[in-house]
Amino acid sequence: PEPLGWALFPNESWYVCRKVDGAAQVREWFLHRMDPDRFPAPRHDIPFSTILAALGRLARSLHQAGVYFRDFTDGNVLVTPTGDLTLVDLDRARFLPVPLSLDLRLRDLSRPGVTRPDDQAALLEAYFAPEPVPPAALQALLRRRARLVFWDDLKLALRPWRRRE
């Protein structure tokens with residue numbers, strides 16, 4: 001989104017951007033995909049596969065530009081009514097002068113709530129297209145995702161005051 005201003009303080013930072021009218025978090029597609037009985041359909045009528053492919057392409061373009069987002073979660077990627085993706089909460093992003101290693105790229109790709117292995121494979125296919133997915137990439141992504149979920153659960157257990165509703 002268009003930046004309007006920012007401020008840095010010793011223990012926090014603020015970034016203000018223009019509101020993206022009608023935007024939805026990509027999380028809506030992932031939650032509905034995970035449990036359609038519990039979570040409503042996304043507010044935009046865009047197929048899940050289209051969102052997943054766009055997410056893979058977006059990640060690839062960031063990484064090719066040397067951007068290691070570090071907070072590439074499904075809450076920080078917005079979907080416009082036309083299906084375009086945009087990023088918010090950029091304070092943890094790092095701009096690296098060298099190509100990102102496969103490990104760093106998979107760290108970013110493990111953060112969105114893509115829970116099903118077949119969806120993770122589709123995300124990697126969109127990310128690496130038109131080249132084939134490296135043979136060990138899917139297993140590495142699955143391990144990274146499992147580690148991330150473990151740490152998130154551990155943090156919630158250790159800090160009960162931050163529990164999600």
# chains A, B, ... in the order shown; residues from 1 in each chain; ligands from 1
>>> select_by_dssp(residues="region 33-94 of chain A", states="alpha helix (DSSP H)", output="list in words")
Arg33, Met34, Phe48, Ser49, Thr50, Ile51, Leu52, Ala53, Ala54, Leu55, Gly56, Arg57, Leu58, Ala59, Arg60, Ser61, Leu62, His63 and Gln64 of chain A
>>> select_by_dssp(residues="region 39-159 of chain A", states="strand (DSSP E or B)", output="list in words")
Val67, Tyr68, Val77, Leu78, Val79, Leu85, Thr86, Leu87, Arg94 and Phe95 of chain A
>>> write_last_selection(atoms="all heavy atoms", output="PDB file, in the first residue's frame")
ATOM      1  N   VAL A  67      14.873  -9.443  -1.172  1.00  0.00           N
ATOM      2  CA  VAL A  67      14.055  -9.123  -0.001  1.00  0.00           C
ATOM      3  C   VAL A  67      13.753 -10.415   0.760  1.00  0.00           C
ATOM      4  O   VAL A  67      13.132 -11.328   0.225  1.00  0.00           O
ATOM      5  CB  VAL A  67      12.734  -8.433  -0.400  1.00  0.00           C
ATOM      6  CG1 VAL A  67      11.878  -8.144   0.839  1.00  0.00           C
ATOM      7  CG2 VAL A  67      13.010  -7.162  -1.172  1.00  0.00           C
ATOM      8  N   TYR A  68      14.212 -10.454   1.995  1.00  0.00           N
ATOM      9  CA  TYR A  68      13.882 -11.551   2.912  1.00  0.00           C
ATOM     10  C   TYR A  68      12.833 -10.966   3.851  1.00  0.00           C
ATOM     11  O   TYR A  68      13.136 -10.165   4.724  1.00  0.00           O
ATOM     12  CB  TYR A  68      15.141 -11.999   3.651  1.00  0.00           C
ATOM     13  CG  TYR A  68      14.930 -13.024   4.720  1.00  0.00           C
ATOM     14  CD1 TYR A  68      14.044 -14.082   4.564  1.00  0.00           C
ATOM     15  CD2 TYR A  68      15.650 -12.968   5.907  1.00  0.00           C
ATOM     16  CE1 TYR A  68      13.869 -15.034   5.553  1.00  0.00           C
ATOM     17  CE2 TYR A  68      15.494 -13.911   6.898  1.00  0.00           C
ATOM     18  CZ  TYR A  68      14.605 -14.933   6.725  1.00  0.00           C
ATOM     19  OH  TYR A  68      14.433 -15.874   7.704  1.00  0.00           O
ATOM     20  N   VAL A  77      -0.354 -10.517   4.136  1.00  0.00           N
ATOM     21  CA  VAL A  77      -0.566 -10.472   2.686  1.00  0.00           C
ATOM     22  C   VAL A  77      -2.049 -10.211   2.467  1.00  0.00           C
ATOM     23  O   VAL A  77      -2.895 -10.967   2.949  1.00  0.00           O
ATOM     24  CB  VAL A  77      -0.140 -11.794   2.001  1.00  0.00           C
ATOM     25  CG1 VAL A  77      -0.373 -11.705   0.500  1.00  0.00           C
ATOM     26  CG2 VAL A  77       1.314 -12.135   2.311  1.00  0.00           C
ATOM     27  N   LEU A  78      -2.340  -9.124   1.772  1.00  0.00           N
ATOM     28  CA  LEU A  78      -3.725  -8.754   1.511  1.00  0.00           C
ATOM     29  C   LEU A  78      -4.089  -9.071   0.068  1.00  0.00           C
ATOM     30  O   LEU A  78      -3.241  -8.994  -0.829  1.00  0.00           O
ATOM     31  CB  LEU A  78      -3.936  -7.259   1.755  1.00  0.00           C
ATOM     32  CG  LEU A  78      -3.604  -6.734   3.146  1.00  0.00           C
ATOM     33  CD1 LEU A  78      -3.889  -5.230   3.222  1.00  0.00           C
ATOM     34  CD2 LEU A  78      -4.362  -7.480   4.225  1.00  0.00           C
ATOM     35  N   VAL A  79      -5.356  -9.422  -0.135  1.00  0.00           N
ATOM     36  CA  VAL A  79      -5.893  -9.714  -1.461  1.00  0.00           C
ATOM     37  C   VAL A  79      -6.927  -8.634  -1.782  1.00  0.00           C
ATOM     38  O   VAL A  79      -7.866  -8.428  -1.015  1.00  0.00           O
ATOM     39  CB  VAL A  79      -6.565 -11.104  -1.500  1.00  0.00           C
ATOM     40  CG1 VAL A  79      -7.093 -11.408  -2.884  1.00  0.00           C
ATOM     41  CG2 VAL A  79      -5.604 -12.182  -1.021  1.00  0.00           C
ATOM     42  N   LEU A  85      -2.193  -9.083  -4.930  1.00  0.00           N
ATOM     43  CA  LEU A  85      -1.665  -9.240  -3.578  1.00  0.00           C
ATOM     44  C   LEU A  85      -0.832  -8.023  -3.219  1.00  0.00           C
ATOM     45  O   LEU A  85      -0.132  -7.461  -4.059  1.00  0.00           O
ATOM     46  CB  LEU A  85      -0.793 -10.491  -3.472  1.00  0.00           C
ATOM     47  CG  LEU A  85      -1.443 -11.826  -3.819  1.00  0.00           C
ATOM     48  CD1 LEU A  85      -0.474 -12.966  -3.571  1.00  0.00           C
ATOM     49  CD2 LEU A  85      -2.728 -12.049  -3.044  1.00  0.00           C
ATOM     50  N   THR A  86      -0.900  -7.644  -1.954  1.00  0.00           N
ATOM     51  CA  THR A  86      -0.082  -6.542  -1.451  1.00  0.00           C
ATOM     52  C   THR A  86       0.389  -6.907  -0.050  1.00  0.00           C
ATOM     53  O   THR A  86      -0.271  -7.676   0.658  1.00  0.00           O
ATOM     54  CB  THR A  86      -0.872  -5.216  -1.478  1.00  0.00           C
ATOM     55  OG1 THR A  86       0.012  -4.153  -1.186  1.00  0.00           O
ATOM     56  CG2 THR A  86      -2.023  -5.222  -0.512  1.00  0.00           C
ATOM     57  N   LEU A  87       1.530  -6.368   0.342  1.00  0.00           N
ATOM     58  CA  LEU A  87       2.142  -6.688   1.626  1.00  0.00           C
ATOM     59  C   LEU A  87       1.950  -5.559   2.626  1.00  0.00           C
ATOM     60  O   LEU A  87       1.961  -4.384   2.260  1.00  0.00           O
ATOM     61  CB  LEU A  87       3.643  -6.926   1.447  1.00  0.00           C
ATOM     62  CG  LEU A  87       4.043  -8.045   0.504  1.00  0.00           C
ATOM     63  CD1 LEU A  87       5.548  -8.033   0.291  1.00  0.00           C
ATOM     64  CD2 LEU A  87       3.596  -9.388   1.048  1.00  0.00           C
ATOM     65  N   ARG A  94      14.226  -7.633   5.449  1.00  0.00           N
ATOM     66  CA  ARG A  94      15.648  -7.329   5.285  1.00  0.00           C
ATOM     67  C   ARG A  94      15.952  -7.314   3.795  1.00  0.00           C
ATOM     68  O   ARG A  94      15.434  -8.143   3.032  1.00  0.00           O
ATOM     69  CB  ARG A  94      16.524  -8.378   5.972  1.00  0.00           C
ATOM     70  CG  ARG A  94      16.324  -8.453   7.477  1.00  0.00           C
ATOM     71  CD  ARG A  94      16.768  -7.163   8.168  1.00  0.00           C
ATOM     72  NE  ARG A  94      16.520  -7.210   9.596  1.00  0.00           N
ATOM     73  CZ  ARG A  94      15.477  -6.654  10.210  1.00  0.00           C
ATOM     74  NH1 ARG A  94      14.571  -6.028   9.515  1.00  0.00           N
ATOM     75  NH2 ARG A  94      15.326  -6.727  11.509  1.00  0.00           N
ATOM     76  N   PHE A  95      16.792  -6.386   3.409  1.00  0.00           N
ATOM     77  CA  PHE A  95      17.170  -6.243   2.012  1.00  0.00           C
ATOM     78  C   PHE A  95      18.615  -6.702   1.889  1.00  0.00           C
ATOM     79  O   PHE A  95      19.521  -6.024   2.374  1.00  0.00           O
ATOM     80  CB  PHE A  95      16.966  -4.800   1.564  1.00  0.00           C
ATOM     81  CG  PHE A  95      15.542  -4.356   1.749  1.00  0.00           C
ATOM     82  CD1 PHE A  95      15.128  -3.761   2.941  1.00  0.00           C
ATOM     83  CD2 PHE A  95      14.600  -4.580   0.760  1.00  0.00           C
ATOM     84  CE1 PHE A  95      13.812  -3.382   3.124  1.00  0.00           C
ATOM     85  CE2 PHE A  95      13.280  -4.206   0.935  1.00  0.00           C
ATOM     86  CZ  PHE A  95      12.884  -3.603   2.120  1.00  0.00           C
TER      87      PHE A  95
END
>>> closest_atom_pairs(of="region 45-141 of chain A", to="region 7-30 of chain A", cutoff="10 Å", atoms="only C-alpha atoms", output="JSON lines")
{"residue": "A:Ile46", "atom": "CA", "partner": "A:Trp29", "partner_atom": "CA", "distance": 9.0}
{"residue": "A:Pro47", "atom": "CA", "partner": "A:Trp29", "partner_atom": "CA", "distance": 8.5}
{"residue": "A:Phe48", "atom": "CA", "partner": "A:Trp29", "partner_atom": "CA", "distance": 6.2}
{"residue": "A:Ser49", "atom": "CA", "partner": "A:Trp29", "partner_atom": "CA", "distance": 9.6}
{"residue": "A:Ile51", "atom": "CA", "partner": "A:Val26", "partner_atom": "CA", "distance": 7.7}
{"residue": "A:Leu52", "atom": "CA", "partner": "A:Trp29", "partner_atom": "CA", "distance": 9.0}
{"residue": "A:Leu55", "atom": "CA", "partner": "A:Val26", "partner_atom": "CA", "distance": 9.0}
{"residue": "A:Thr73", "atom": "CA", "partner": "A:Arg27", "partner_atom": "CA", "distance": 8.3}
{"residue": "A:Asp74", "atom": "CA", "partner": "A:Arg27", "partner_atom": "CA", "distance": 4.7}
{"residue": "A:Gly75", "atom": "CA", "partner": "A:Gln25", "partner_atom": "CA", "distance": 5.4}
{"residue": "A:Asn76", "atom": "CA", "partner": "A:Gln25", "partner_atom": "CA", "distance": 7.0}
{"residue": "A:Val77", "atom": "CA", "partner": "A:Val26", "partner_atom": "CA", "distance": 5.8}
{"residue": "A:Leu78", "atom": "CA", "partner": "A:Gln25", "partner_atom": "CA", "distance": 4.5}
{"residue": "A:Val79", "atom": "CA", "partner": "A:Ala24", "partner_atom": "CA", "distance": 5.2}
{"residue": "A:Thr80", "atom": "CA", "partner": "A:Ala23", "partner_atom": "CA", "distance": 4.5}
{"residue": "A:Pro81", "atom": "CA", "partner": "A:Gly22", "partner_atom": "CA", "distance": 6.1}
{"residue": "A:Thr82", "atom": "CA", "partner": "A:Ala23", "partner_atom": "CA", "distance": 9.4}
{"residue": "A:Gly83", "atom": "CA", "partner": "A:Ala23", "partner_atom": "CA", "distance": 9.2}
{"residue": "A:Asp84", "atom": "CA", "partner": "A:Ala23", "partner_atom": "CA", "distance": 9.3}
{"residue": "A:Leu85", "atom": "CA", "partner": "A:Val26", "partner_atom": "CA", "distance": 8.5}
{"residue": "A:Thr86", "atom": "CA", "partner": "A:Val20", "partner_atom": "CA", "distance": 8.8}
{"residue": "A:Leu87", "atom": "CA", "partner": "A:Gln25", "partner_atom": "CA", "distance": 9.8}
{"residue": "A:Val88", "atom": "CA", "partner": "A:Cys17", "partner_atom": "CA", "distance": 8.7}
{"residue": "A:Asp89", "atom": "CA", "partner": "A:Tyr15", "partner_atom": "CA", "distance": 7.8}
{"residue": "A:Leu90", "atom": "CA", "partner": "A:Tyr15", "partner_atom": "CA", "distance": 8.5}
{"residue": "A:Asp91", "atom": "CA", "partner": "A:Ser13", "partner_atom": "CA", "distance": 7.8}
{"residue": "A:Pro112", "atom": "CA", "partner": "A:Arg27", "partner_atom": "CA", "distance": 7.9}
{"residue": "A:Gly113", "atom": "CA", "partner": "A:Phe30", "partner_atom": "CA", "distance": 6.1}
{"residue": "A:Val114", "atom": "CA", "partner": "A:Phe30", "partner_atom": "CA", "distance": 6.3}
{"residue": "A:Thr115", "atom": "CA", "partner": "A:Phe30", "partner_atom": "CA", "distance": 8.0}
{"residue": "A:Arg116", "atom": "CA", "partner": "A:Phe30", "partner_atom": "CA", "distance": 9.7}
{"residue": "A:Asp119", "atom": "CA", "partner": "A:Phe30", "partner_atom": "CA", "distance": 9.8}
>>> closest_residue(among="A:Val149, A:Leu124, A:Ala93, A:Ala41", to="Leu62 (chain A)", atoms="only C-alpha atoms")
A:Ala93
>>> closest_residue(among="A:Ala122, A:Ala65, A:Leu138, A:Ala53", to="Leu100 (chain A)", atoms="only C-alpha atoms")
A:Ala65
>>> residues_around(residues="Gly66 (chain A)", least_positions_apart="5", cutoff="12 Å", atoms="only C-alpha atoms", output="PyMOL selection string")
chain A and resi 59-61+93-101+104-105
>>> atom_distance(atom1="CA of Tyr127 (chain A)", atom2="CA of Leu142 (chain A)")
15.3 Å
>>> atom_distance(atom1="CA of Leu154 (chain A)", atom2="CA of Asp37 (chain A)")
27.1 Å
>>> atom_distance(atom1="CA of Leu141 (chain A)", atom2="CA of Gln120 (chain A)")
7.8 Å
>>> closest_residue(among="A:Arg92, A:Pro134, A:Arg111, A:Glu125", to="Ala54 (chain A)", atoms="only C-alpha atoms")
A:Glu125
